[in-house]
$ cat coords-v3.pdb   # PDB, C-alpha atoms and all ligand atoms
ATOM      1  CA  MET A 914     100.673  94.062 107.459  1.00  0.00           C
ATOM      2  CA  LEU A 915     102.076  95.824 104.419  1.00  0.00           C
ATOM      3  CA  GLU A 916     102.447  99.068 106.340  1.00  0.00           C
ATOM      4  CA  ASN A 917     104.759  97.558 108.956  1.00  0.00           C
ATOM      5  CA  TYR A 918     107.588  97.840 106.449  1.00  0.00           C
ATOM      6  CA  ILE A 919     107.106 101.524 105.655  1.00  0.00           C
ATOM      7  CA  GLN A 920     109.819 103.834 106.952  1.00  0.00           C
ATOM      8  CA  GLU A 921     108.479 107.119 105.636  1.00  0.00           C
ATOM      9  CA  ILE A 922     105.663 108.399 103.458  1.00  0.00           C
ATOM     10  CA  LEU A 923     107.368 110.610 100.910  1.00  0.00           C
ATOM     11  CA  ILE A 924     104.256 111.722  99.002  1.00  0.00           C
ATOM     12  CA  SER A 925     100.794 111.457 100.555  1.00  0.00           C
ATOM     13  CA  GLU A 926      97.577 110.314  98.915  1.00  0.00           C
ATOM     14  CA  GLU A 927      96.251 113.866  98.994  1.00  0.00           C
ATOM     15  CA  GLU A 928      99.358 115.312  97.354  1.00  0.00           C
ATOM     16  CA  ILE A 929      99.112 112.686  94.612  1.00  0.00           C
ATOM     17  CA  THR A 930      95.409 113.394  94.032  1.00  0.00           C
ATOM     18  CA  ASN A 931      96.038 117.132  93.684  1.00  0.00           C
ATOM     19  CA  LYS A 932      98.993 116.627  91.367  1.00  0.00           C
ATOM     20  CA  VAL A 933      97.127 114.174  89.137  1.00  0.00           C
ATOM     21  CA  LYS A 934      94.292 116.697  88.735  1.00  0.00           C
ATOM     22  CA  GLU A 935      96.810 119.399  87.835  1.00  0.00           C
ATOM     23  CA  LEU A 936      98.541 117.174  85.265  1.00  0.00           C
ATOM     24  CA  GLY A 937      95.162 116.194  83.784  1.00  0.00           C
ATOM     25  CA  ARG A 938      94.243 119.872  83.425  1.00  0.00           C
ATOM     26  CA  GLN A 939      97.556 120.685  81.732  1.00  0.00           C
ATOM     27  CA  ILE A 940      97.254 117.769  79.302  1.00  0.00           C
ATOM     28  CA  SER A 941      93.611 118.648  78.516  1.00  0.00           C
ATOM     29  CA  ASN A 942      94.650 122.225  77.732  1.00  0.00           C
ATOM     30  CA  ASP A 943      97.642 121.259  75.596  1.00  0.00           C
ATOM     31  CA  TYR A 944      95.880 118.855  73.226  1.00  0.00           C
ATOM     32  CA  GLY A 945      92.908 119.759  71.091  1.00  0.00           C
ATOM     33  CA  ASP A 946      89.587 117.914  70.947  1.00  0.00           C
ATOM     34  CA  ASP A 947      90.255 117.008  67.344  1.00  0.00           C
ATOM     35  CA  GLN A 948      93.646 115.411  67.977  1.00  0.00           C
ATOM     36  CA  GLN A 949      93.676 111.665  68.200  1.00  0.00           C
ATOM     37  CA  LEU A 950      95.490 111.107  71.462  1.00  0.00           C
ATOM     38  CA  ILE A 951      96.759 107.658  72.336  1.00  0.00           C
ATOM     39  CA  VAL A 952      97.777 107.325  75.968  1.00  0.00           C
ATOM     40  CA  VAL A 953     100.407 104.605  76.268  1.00  0.00           C
ATOM     41  CA  GLY A 954     100.805 103.202  79.775  1.00  0.00           C
ATOM     42  CA  ILE A 955     104.037 101.430  80.598  1.00  0.00           C
ATOM     43  CA  LEU A 956     103.246  98.235  82.510  1.00  0.00           C
ATOM     44  CA  LYS A 957     103.126  97.502  85.271  1.00  0.00           C
ATOM     45  CA  GLY A 958     104.348 100.437  87.331  1.00  0.00           C
ATOM     46  CA  ALA A 959     102.267 103.131  85.621  1.00  0.00           C
ATOM     47  CA  ILE A 960      98.836 101.504  85.857  1.00  0.00           C
ATOM     48  CA  ILE A 961      97.594 103.127  89.063  1.00  0.00           C
ATOM     49  CA  PHE A 962      98.826 106.569  88.006  1.00  0.00           C
ATOM     50  CA  LEU A 963      97.439 106.075  84.508  1.00  0.00           C
ATOM     51  CA  SER A 964      93.999 105.020  85.696  1.00  0.00           C
ATOM     52  CA  ASP A 965      93.689 108.113  87.888  1.00  0.00           C
ATOM     53  CA  LEU A 966      95.257 110.431  85.290  1.00  0.00           C
ATOM     54  CA  VAL A 967      93.043 109.495  82.336  1.00  0.00           C
ATOM     55  CA  ARG A 968      89.944 110.327  84.369  1.00  0.00           C
ATOM     56  CA  GLU A 969      91.288 113.869  84.679  1.00  0.00           C
ATOM     57  CA  ILE A 970      91.870 114.223  80.928  1.00  0.00           C
ATOM     58  CA  LYS A 971      88.770 115.835  79.480  1.00  0.00           C
ATOM     59  CA  LEU A 972      89.406 114.800  75.878  1.00  0.00           C
ATOM     60  CA  PRO A 973      88.656 111.718  73.790  1.00  0.00           C
ATOM     61  CA  ILE A 974      91.577 109.335  74.139  1.00  0.00           C
ATOM     62  CA  ALA A 975      92.483 105.760  73.286  1.00  0.00           C
ATOM     63  CA  LEU A 976      94.424 103.627  75.741  1.00  0.00           C
ATOM     64  CA  ASP A 977      97.218 101.261  74.856  1.00  0.00           C
ATOM     65  CA  PHE A 978     100.000  99.571  76.790  1.00  0.00           C
ATOM     66  CA  MET A 979     103.589  98.484  76.477  1.00  0.00           C
ATOM     67  CA  ALA A 980     105.635  96.331  78.807  1.00  0.00           C
ATOM     68  CA  VAL A 981     109.410  96.517  78.714  1.00  0.00           C
ATOM     69  CA  SER A 982     112.231  95.077  80.732  1.00  0.00           C
ATOM     70  CA  SER A 983     115.820  96.162  80.864  1.00  0.00           C
ATOM     71  CA  TYR A 984     118.547  93.614  80.321  1.00  0.00           C
ATOM     72  CA  GLY A 985     120.929  93.015  83.216  1.00  0.00           C
ATOM     73  CA  SER A 986     120.405  93.752  86.882  1.00  0.00           C
ATOM     74  CA  SER A 987     118.176  96.626  87.886  1.00  0.00           C
ATOM     75  CA  THR A 988     121.011  98.302  89.776  1.00  0.00           C
ATOM     76  CA  GLU A 989     123.308  98.335  86.738  1.00  0.00           C
ATOM     77  CA  SER A 990     121.143  99.282  83.818  1.00  0.00           C
ATOM     78  CA  SER A 991     122.791  98.658  80.463  1.00  0.00           C
ATOM     79  CA  GLY A 992     120.326 100.696  78.482  1.00  0.00           C
ATOM     80  CA  ALA A 993     119.282  97.708  76.380  1.00  0.00           C
ATOM     81  CA  VAL A 994     115.541  97.296  76.638  1.00  0.00           C
ATOM     82  CA  ARG A 995     113.386  94.376  75.593  1.00  0.00           C
ATOM     83  CA  ILE A 996     109.744  94.755  74.578  1.00  0.00           C
ATOM     84  CA  LEU A 997     107.633  92.213  76.481  1.00  0.00           C
ATOM     85  CA  LYS A 998     104.322  93.546  75.202  1.00  0.00           C
ATOM     86  CA  ASP A 999     103.869  95.855  72.257  1.00  0.00           C
ATOM     87  CA  LEU A1000     101.086  98.275  71.311  1.00  0.00           C
ATOM     88  CA  GLU A1001      97.917  96.869  69.797  1.00  0.00           C
ATOM     89  CA  ARG A1002      97.344  99.923  67.612  1.00  0.00           C
ATOM     90  CA  ASP A1003      99.233 101.582  64.841  1.00  0.00           C
ATOM     91  CA  VAL A1004     100.259 105.069  65.999  1.00  0.00           C
ATOM     92  CA  GLU A1005     101.131 106.519  62.605  1.00  0.00           C
ATOM     93  CA  ASN A1006      99.900 110.154  62.421  1.00  0.00           C
ATOM     94  CA  LYS A1007      98.510 109.915  65.952  1.00  0.00           C
ATOM     95  CA  HIS A1008      99.522 111.881  69.018  1.00  0.00           C
ATOM     96  CA  VAL A1009     101.157 109.629  71.588  1.00  0.00           C
ATOM     97  CA  LEU A1010     101.501 110.352  75.303  1.00  0.00           C
ATOM     98  CA  ILE A1011     103.773 107.923  77.156  1.00  0.00           C
ATOM     99  CA  VAL A1012     102.801 107.504  80.822  1.00  0.00           C
ATOM    100  CA  GLU A1013     105.567 106.214  83.109  1.00  0.00           C
ATOM    101  CA  ASP A1014     105.786 105.661  86.841  1.00  0.00           C
ATOM    102  CA  ILE A1015     109.307 106.994  87.326  1.00  0.00           C
ATOM    103  CA  VAL A1016     112.205 108.255  85.234  1.00  0.00           C
ATOM    104  CA  ASP A1017     115.508 107.284  86.804  1.00  0.00           C
ATOM    105  CA  THR A1018     118.544 106.991  84.486  1.00  0.00           C
ATOM    106  CA  GLY A1019     116.239 107.851  81.574  1.00  0.00           C
ATOM    107  CA  LEU A1020     117.399 104.829  79.567  1.00  0.00           C
ATOM    108  CA  THR A1021     113.954 103.192  79.424  1.00  0.00           C
ATOM    109  CA  LEU A1022     112.213 106.383  78.367  1.00  0.00           C
ATOM    110  CA  LYS A1023     114.917 107.126  75.769  1.00  0.00           C
ATOM    111  CA  TYR A1024     114.399 103.693  74.253  1.00  0.00           C
ATOM    112  CA  LEU A1025     110.611 104.133  74.233  1.00  0.00           C
ATOM    113  CA  LEU A1026     110.860 107.574  72.636  1.00  0.00           C
ATOM    114  CA  ASP A1027     113.200 106.366  69.877  1.00  0.00           C
ATOM    115  CA  ASN A1028     111.058 103.300  69.290  1.00  0.00           C
ATOM    116  CA  LEU A1029     107.761 105.190  69.116  1.00  0.00           C
ATOM    117  CA  TRP A1030     109.108 108.036  66.960  1.00  0.00           C
ATOM    118  CA  SER A1031     110.225 105.406  64.399  1.00  0.00           C
ATOM    119  CA  ARG A1032     106.520 104.531  63.901  1.00  0.00           C
ATOM    120  CA  LYS A1033     105.853 107.986  62.411  1.00  0.00           C
ATOM    121  CA  PRO A1034     103.387 109.383  64.933  1.00  0.00           C
ATOM    122  CA  ALA A1035     102.229 113.016  64.735  1.00  0.00           C
ATOM    123  CA  SER A1036     103.898 113.628  68.122  1.00  0.00           C
ATOM    124  CA  VAL A1037     105.246 111.838  71.179  1.00  0.00           C
ATOM    125  CA  LYS A1038     105.207 113.411  74.628  1.00  0.00           C
ATOM    126  CA  THR A1039     106.079 111.985  78.020  1.00  0.00           C
ATOM    127  CA  CYS A1040     104.369 112.096  81.386  1.00  0.00           C
ATOM    128  CA  THR A1041     105.822 110.637  84.567  1.00  0.00           C
ATOM    129  CA  LEU A1042     104.582 110.637  88.128  1.00  0.00           C
ATOM    130  CA  LEU A1043     108.098 110.726  89.575  1.00  0.00           C
ATOM    131  CA  ASP A1044     111.468 111.919  88.378  1.00  0.00           C
ATOM    132  CA  LYS A1045     114.907 111.343  89.897  1.00  0.00           C
ATOM    133  CA  PRO A1046     116.884 113.983  87.967  1.00  0.00           C
ATOM    134  CA  SER A1047     120.119 113.346  89.900  1.00  0.00           C
ATOM    135  CA  ARG A1048     120.320 109.828  88.429  1.00  0.00           C
ATOM    136  CA  ARG A1049     119.986 110.779  84.757  1.00  0.00           C
ATOM    137  CA  LEU A1050     122.448 109.136  82.326  1.00  0.00           C
ATOM    138  CA  VAL A1051     120.818 110.217  79.059  1.00  0.00           C
ATOM    139  CA  ASP A1052     119.033 113.358  78.041  1.00  0.00           C
ATOM    140  CA  VAL A1053     115.279 112.834  77.755  1.00  0.00           C
ATOM    141  CA  THR A1054     112.513 115.406  77.717  1.00  0.00           C
ATOM    142  CA  VAL A1055     109.862 114.926  80.369  1.00  0.00           C
ATOM    143  CA  ASP A1056     106.899 117.017  79.246  1.00  0.00           C
ATOM    144  CA  TYR A1057     104.752 116.425  82.323  1.00  0.00           C
ATOM    145  CA  ASN A1058     106.292 115.561  85.690  1.00  0.00           C
ATOM    146  CA  GLY A1059     104.428 114.976  88.935  1.00  0.00           C
ATOM    147  CA  PHE A1060     107.202 115.153  91.521  1.00  0.00           C
ATOM    148  CA  SER A1061     110.989 115.346  91.440  1.00  0.00           C
ATOM    149  CA  ILE A1062     112.369 113.164  94.222  1.00  0.00           C
ATOM    150  CA  PRO A1063     115.830 112.483  95.712  1.00  0.00           C
ATOM    151  CA  ASP A1064     117.861 109.405  94.853  1.00  0.00           C
ATOM    152  CA  LYS A1065     115.956 106.990  97.095  1.00  0.00           C
ATOM    153  CA  PHE A1066     114.201 103.747  96.192  1.00  0.00           C
ATOM    154  CA  VAL A1067     110.459 104.288  96.481  1.00  0.00           C
ATOM    155  CA  VAL A1068     107.393 102.040  96.382  1.00  0.00           C
ATOM    156  CA  GLY A1069     103.621 102.429  96.254  1.00  0.00           C
ATOM    157  CA  TYR A1070     100.970 103.832  93.895  1.00  0.00           C
ATOM    158  CA  GLY A1071     102.044 101.282  91.271  1.00  0.00           C
ATOM    159  CA  LEU A1072     105.740 101.040  92.092  1.00  0.00           C
ATOM    160  CA  ASP A1073     106.958  97.747  93.501  1.00  0.00           C
ATOM    161  CA  PHE A1074     109.743  96.039  95.305  1.00  0.00           C
ATOM    162  CA  ALA A1075     109.810  92.387  94.134  1.00  0.00           C
ATOM    163  CA  GLU A1076     106.161  92.806  92.977  1.00  0.00           C
ATOM    164  CA  ASN A1077     105.007  93.943  96.436  1.00  0.00           C
ATOM    165  CA  TYR A1078     103.700  97.332  97.622  1.00  0.00           C
ATOM    166  CA  ARG A1079     102.111  98.412  94.307  1.00  0.00           C
ATOM    167  CA  ASN A1080      98.756  98.746  96.077  1.00  0.00           C
ATOM    168  CA  LEU A1081      99.880 101.296  98.673  1.00  0.00           C
ATOM    169  CA  PRO A1082      97.921 104.502  98.008  1.00  0.00           C
ATOM    170  CA  TYR A1083     100.986 106.733  98.627  1.00  0.00           C
ATOM    171  CA  ILE A1084     104.692 106.861  97.709  1.00  0.00           C
ATOM    172  CA  ALA A1085     106.929 105.532 100.470  1.00  0.00           C
ATOM    173  CA  ILE A1086     110.433 104.502 101.444  1.00  0.00           C
ATOM    174  CA  LEU A1087     110.827 101.043 102.936  1.00  0.00           C
ATOM    175  CA  LYS A1088     112.509 100.065 106.198  1.00  0.00           C
ATOM    176  CA  PRO A1089     115.804  98.195 105.719  1.00  0.00           C
ATOM    177  CA  GLU A1090     114.203  94.963 107.011  1.00  0.00           C
ATOM    178  CA  ALA A1091     111.808  94.982 104.048  1.00  0.00           C
ATOM    179  CA  TYR A1092     114.777  94.047 101.840  1.00  0.00           C
ATOM    180  CA  GLU A1093     115.838  91.071 103.975  1.00  0.00           C
TER     181      GLU A1093
HETATM  182  P1  LIG B1101     115.403 104.042  83.998  1.00  0.00           P
HETATM  183  O1  LIG B1101     115.490 103.341  82.696  1.00  0.00           O
HETATM  184  O2  LIG B1101     114.932 105.474  83.907  1.00  0.00           O
HETATM  185  O3  LIG B1101     116.688 103.945  84.779  1.00  0.00           O
HETATM  186  O4  LIG B1101     114.430 103.226  84.907  1.00  0.00           O
HETATM  187  C1  LIG B1101     113.081 103.351  84.920  1.00  0.00           C
HETATM  188  C2  LIG B1101     112.479 102.152  85.629  1.00  0.00           C
HETATM  189  O5  LIG B1101     113.270 101.742  86.769  1.00  0.00           O
HETATM  190  C3  LIG B1101     111.135 102.531  86.190  1.00  0.00           C
HETATM  191  O6  LIG B1101     110.109 102.363  85.243  1.00  0.00           O
HETATM  192  C4  LIG B1101     111.032 101.584  87.380  1.00  0.00           C
HETATM  193  O7  LIG B1101     110.532 100.343  86.962  1.00  0.00           O
HETATM  194  C5  LIG B1101     112.460 101.385  87.853  1.00  0.00           C
HETATM  195  N1  LIG B1101     112.769 102.267  89.007  1.00  0.00           N
HETATM  196  C6  LIG B1101     113.647 103.281  89.036  1.00  0.00           C
HETATM  197  N2  LIG B1101     113.675 103.867  90.246  1.00  0.00           N
HETATM  198  C7  LIG B1101     112.784 103.201  91.021  1.00  0.00           C
HETATM  199  C8  LIG B1101     112.336 103.340  92.385  1.00  0.00           C
HETATM  200  O8  LIG B1101     112.754 104.200  93.182  1.00  0.00           O
HETATM  201  N3  LIG B1101     111.382 102.458  92.792  1.00  0.00           N
HETATM  202  C9  LIG B1101     110.876 101.491  91.990  1.00  0.00           C
HETATM  203  N4  LIG B1101     109.956 100.685  92.512  1.00  0.00           N
HETATM  204  N5  LIG B1101     111.265 101.328  90.698  1.00  0.00           N
HETATM  205  C10 LIG B1101     112.205 102.185  90.223  1.00  0.00           C
END
$ encode --input "coords-v3.pdb" --output "structure tokens"
Amino acid sequence: MLENYIQEILISEEEITNKVKELGRQISNDYGDDQQLIVVGILKGAIIFLSDLVREIKLPIALDFMAVSSYGSSTESSGAVRILKDLERDVENKHVLIVEDIVDTGLTLKYLLDNLWSRKPASVKTCTLLDKPSRRLVDVTVDYNGFSIPDKFVVGYGLDFAENYRNLPYIAILKPEAYE
């Protein structure tokens, strides 16, 4: 069973549900009905968060997706990012909200912000479920943050280890044997 490898539940399903509602309320209040908001989900980690979050946004939105991968090993991020899947829509003069699973060093989000701003949108804001502020290497503004967490590798609610555990309904830390 998937759950045999869980050491600790860091953030419960209920805490996530409450936080997602709160973020949805904030976002709904901050944007106007007349603004064309494009919610950009970053694949694959953000999809579970995104699908819950957009149902709490009480405004007309369009959905789009990007997939990126960083060059080099995941433990030693170089900051160079490759686009695996780009947006389908032109975002010029539109309001863009990037939805991420987790901001760690900030290098991925920095790249995405620079890249999206170069397309002349009306605005770009960022929303992440999780933030590891102690790991930050570059300065990026997180406009909406669910939870700040310590420097621990987490899985669940979209986040994976070797493509596993994305379907856990909570955020958890794995037992050491899960990595063997
Ligand atoms: P950054 O560019 O901010 O260093 O890295 C962001 C990406 O690293 C996230 O989108 C995610 O894919 C991955 N990442 C960073 N920390 C974790 C973690 O604790 N768990 C998982 N599953 N992925 C992480």
$ resolve_selection --input "coords-v3.pdb" --expression "the PyMOL selection byres (((chain A and resi 1045-1057) around 10) and not hetatm)" --output "PyMOL selection string"
chain A and resi 936-937+939-940+992+1010-1012+1015-1024+1026+1037-1044+1058-1066
$ resolve_selection --input "coords-v3.pdb" --expression "the PyMOL selection byres (((chain A and resi 1089) around 12) and not hetatm)" --output "PyMOL selection string"
chain A and resi 917-921+1066+1086-1088+1090-1093
$ residues_around --input "coords-v3.pdb" --residues "Glu1001 of chain A" --least-positions-apart "4" --cutoff "12 Å" --atoms "only C-alpha atoms" --output "ChimeraX atom specification"
/A:951,953,975-980
$ closest_residue --input "coords-v3.pdb" --among "A:Val1068, A:Ala1085, A:Leu950, A:Ala1075" --to "Leu972 of chain A" --atoms "all atoms listed in the file"
A:Leu950
$ atom_distance --input "coords-v3.pdb" --atom1 "atom CA of Asp1027 of chain A" --atom2 "atom N1 of ligand LIG 1101 (chain B)"
19.6 Å
$ axis_aligned_box --input "coords-v3.pdb" --around "segment 1020-1034 of chain A" --padding-each-side "4 Å" --output "JSON"
{"center_x": 110.4, "center_y": 106.3, "center_z": 71.0, "size_x": 22.0, "size_y": 14.2, "size_z": 25.2}
$ atom_distance --input "coords-v3.pdb" --atom1 "atom CA of Tyr1083 of chain A" --atom2 "atom CA of Leu997 of chain A"
27.3 Å
$ atom_distance --input "coords-v3.pdb" --atom1 "atom CA of Leu956 of chain A" --atom2 "atom CA of Met914 of chain A"
25.4 Å
$ closest_residue --input "coords-v3.pdb" --among "A:Arg1032, A:Arg995, A:Lys932, A:Lys971" --to "ligand LIG 1101 (chain B)" --atoms "only C-alpha atoms and all ligand atoms"
A:Arg995
$ resolve_selection --input "coords-v3.pdb" --expression "the PyMOL selection byres (((chain A and resi 947) around 12) and not hetatm)" --output "PyMOL selection string"
chain A and resi 941+943-946+948-950+972-974+1007-1008
$ residues_around --input "coords-v3.pdb" --residues "Ala959 of chain A" --least-positions-apart "6" --cutoff "6 Å" --atoms "all atoms listed in the file" --output "ChimeraX atom specification"
/A:1013-1014,1071
$ write_last_selection --input "coords-v3.pdb" --atoms "C-alpha atoms" --output "mmCIF file, keeping the file's coordinate frame"
data_model
loop_
_atom_site.group_PDB
_atom_site.id
_atom_site.type_symbol
_atom_site.label_atom_id
_atom_site.label_comp_id
_atom_site.auth_asym_id
_atom_site.auth_seq_id
_atom_site.Cartn_x
_atom_site.Cartn_y
_atom_site.Cartn_z
ATOM 1 C CA GLU A 1013 105.567 106.214 83.109
ATOM 2 C CA ASP A 1014 105.786 105.661 86.841
ATOM 3 C CA GLY A 1071 102.044 101.282 91.271
#
$ closest_residue --input "coords-v3.pdb" --among "A:Ile970, A:Ile922, A:Lys957, A:Leu1000" --to "ligand LIG 1101 (chain B)" --atoms "only C-alpha atoms and all ligand atoms"
A:Lys957
$ closest_residue --input "coords-v3.pdb" --among "A:Ser1031, A:Ser1036, A:Ser982, A:Asn1080" --to "ligand LIG 1101 (chain B)" --atoms "all atoms listed in the file"
A:Ser982
$ closest_residue --input "coords-v3.pdb" --among "A:Leu923, A:Ala1035, A:Leu1025, A:Leu1072" --to "ligand LIG 1101 (chain B)" --atoms "only C-alpha atoms and all ligand atoms"
A:Leu1072
$ closest_residue --input "coords-v3.pdb" --among "A:Ile924, A:Leu963, A:Ile955, A:Ile929" --to "ligand LIG 1101 (chain B)" --atoms "only C-alpha atoms and all ligand atoms"
A:Ile955
$ build_atoms --input "coords-v3.pdb" --residues "segment 1047-1067 of chain A" --atoms "N, CA, C and O atoms" --output "tab-separated table (two decimals), in the coordinates of the input"
chain	number	residue	atom	x	y	z
A	1047	SER	N	118.70	113.52	89.54
A	1047	SER	CA	120.12	113.35	89.90
A	1047	SER	C	120.71	112.05	89.35
A	1047	SER	O	121.92	111.88	89.33
A	1048	ARG	N	119.85	111.14	88.91
A	1048	ARG	CA	120.32	109.83	88.43
A	1048	ARG	C	120.43	109.76	86.90
A	1048	ARG	O	120.81	108.74	86.34
A	1049	ARG	N	120.10	110.82	86.21
A	1049	ARG	CA	119.99	110.78	84.76
A	1049	ARG	C	121.30	110.45	84.06
A	1049	ARG	O	122.33	111.03	84.37
A	1050	LEU	N	121.27	109.49	83.14
A	1050	LEU	CA	122.45	109.14	82.33
A	1050	LEU	C	122.30	109.62	80.89
A	1050	LEU	O	123.28	109.81	80.19
A	1051	VAL	N	121.05	109.74	80.43
A	1051	VAL	CA	120.82	110.22	79.06
A	1051	VAL	C	119.80	111.35	79.10
A	1051	VAL	O	118.98	111.43	80.01
A	1052	ASP	N	119.90	112.20	78.10
A	1052	ASP	CA	119.03	113.36	78.04
A	1052	ASP	C	117.67	112.97	77.48
A	1052	ASP	O	117.59	112.52	76.34
A	1053	VAL	N	116.63	113.08	78.27
A	1053	VAL	CA	115.28	112.83	77.76
A	1053	VAL	C	114.38	113.98	78.21
A	1053	VAL	O	114.55	114.52	79.30
A	1054	THR	N	113.44	114.33	77.36
A	1054	THR	CA	112.51	115.41	77.72
A	1054	THR	C	111.31	114.82	78.43
A	1054	THR	O	110.64	113.94	77.90
A	1055	VAL	N	111.08	115.30	79.65
A	1055	VAL	CA	109.86	114.93	80.37
A	1055	VAL	C	108.91	116.11	80.23
A	1055	VAL	O	109.19	117.20	80.73
A	1056	ASP	N	107.82	115.91	79.50
A	1056	ASP	CA	106.90	117.02	79.25
A	1056	ASP	C	106.01	117.31	80.45
A	1056	ASP	O	105.68	118.45	80.72
A	1057	TYR	N	105.60	116.26	81.14
A	1057	TYR	CA	104.75	116.42	82.32
A	1057	TYR	C	105.34	115.59	83.45
A	1057	TYR	O	105.47	114.37	83.32
A	1058	ASN	N	105.71	116.27	84.55
A	1058	ASN	CA	106.29	115.56	85.69
A	1058	ASN	C	105.48	115.86	86.95
A	1058	ASN	O	105.18	117.01	87.25
A	1059	GLY	N	105.15	114.79	87.68
A	1059	GLY	CA	104.43	114.98	88.94
A	1059	GLY	C	105.33	115.54	90.02
A	1059	GLY	O	105.16	116.66	90.49
A	1060	PHE	N	106.33	114.76	90.42
A	1060	PHE	CA	107.20	115.15	91.52
A	1060	PHE	C	108.65	114.78	91.21
A	1060	PHE	O	108.91	113.66	90.77
A	1061	SER	N	109.57	115.70	91.49
A	1061	SER	CA	110.99	115.35	91.44
A	1061	SER	C	111.37	114.89	92.84
A	1061	SER	O	111.04	115.55	93.83
A	1062	ILE	N	112.04	113.74	92.91
A	1062	ILE	CA	112.37	113.16	94.22
A	1062	ILE	C	113.87	112.90	94.32
A	1062	ILE	O	114.56	112.78	93.30
A	1063	PRO	N	114.40	112.79	95.55
A	1063	PRO	CA	115.83	112.48	95.71
A	1063	PRO	C	116.14	111.05	95.31
A	1063	PRO	O	115.23	110.25	95.04
A	1064	ASP	N	117.42	110.73	95.27
A	1064	ASP	CA	117.86	109.40	94.85
A	1064	ASP	C	117.62	108.38	95.96
A	1064	ASP	O	118.53	107.96	96.66
A	1065	LYS	N	116.34	108.01	96.10
A	1065	LYS	CA	115.96	106.99	97.10
A	1065	LYS	C	115.02	106.02	96.40
A	1065	LYS	O	114.24	106.42	95.54
A	1066	PHE	N	115.09	104.74	96.80
A	1066	PHE	CA	114.20	103.75	96.19
A	1066	PHE	C	112.81	103.88	96.82
A	1066	PHE	O	112.66	103.80	98.04
A	1067	VAL	N	111.82	104.08	95.97
A	1067	VAL	CA	110.46	104.29	96.48
A	1067	VAL	C	109.50	103.20	95.99
A	1067	VAL	O	109.74	102.57	94.95
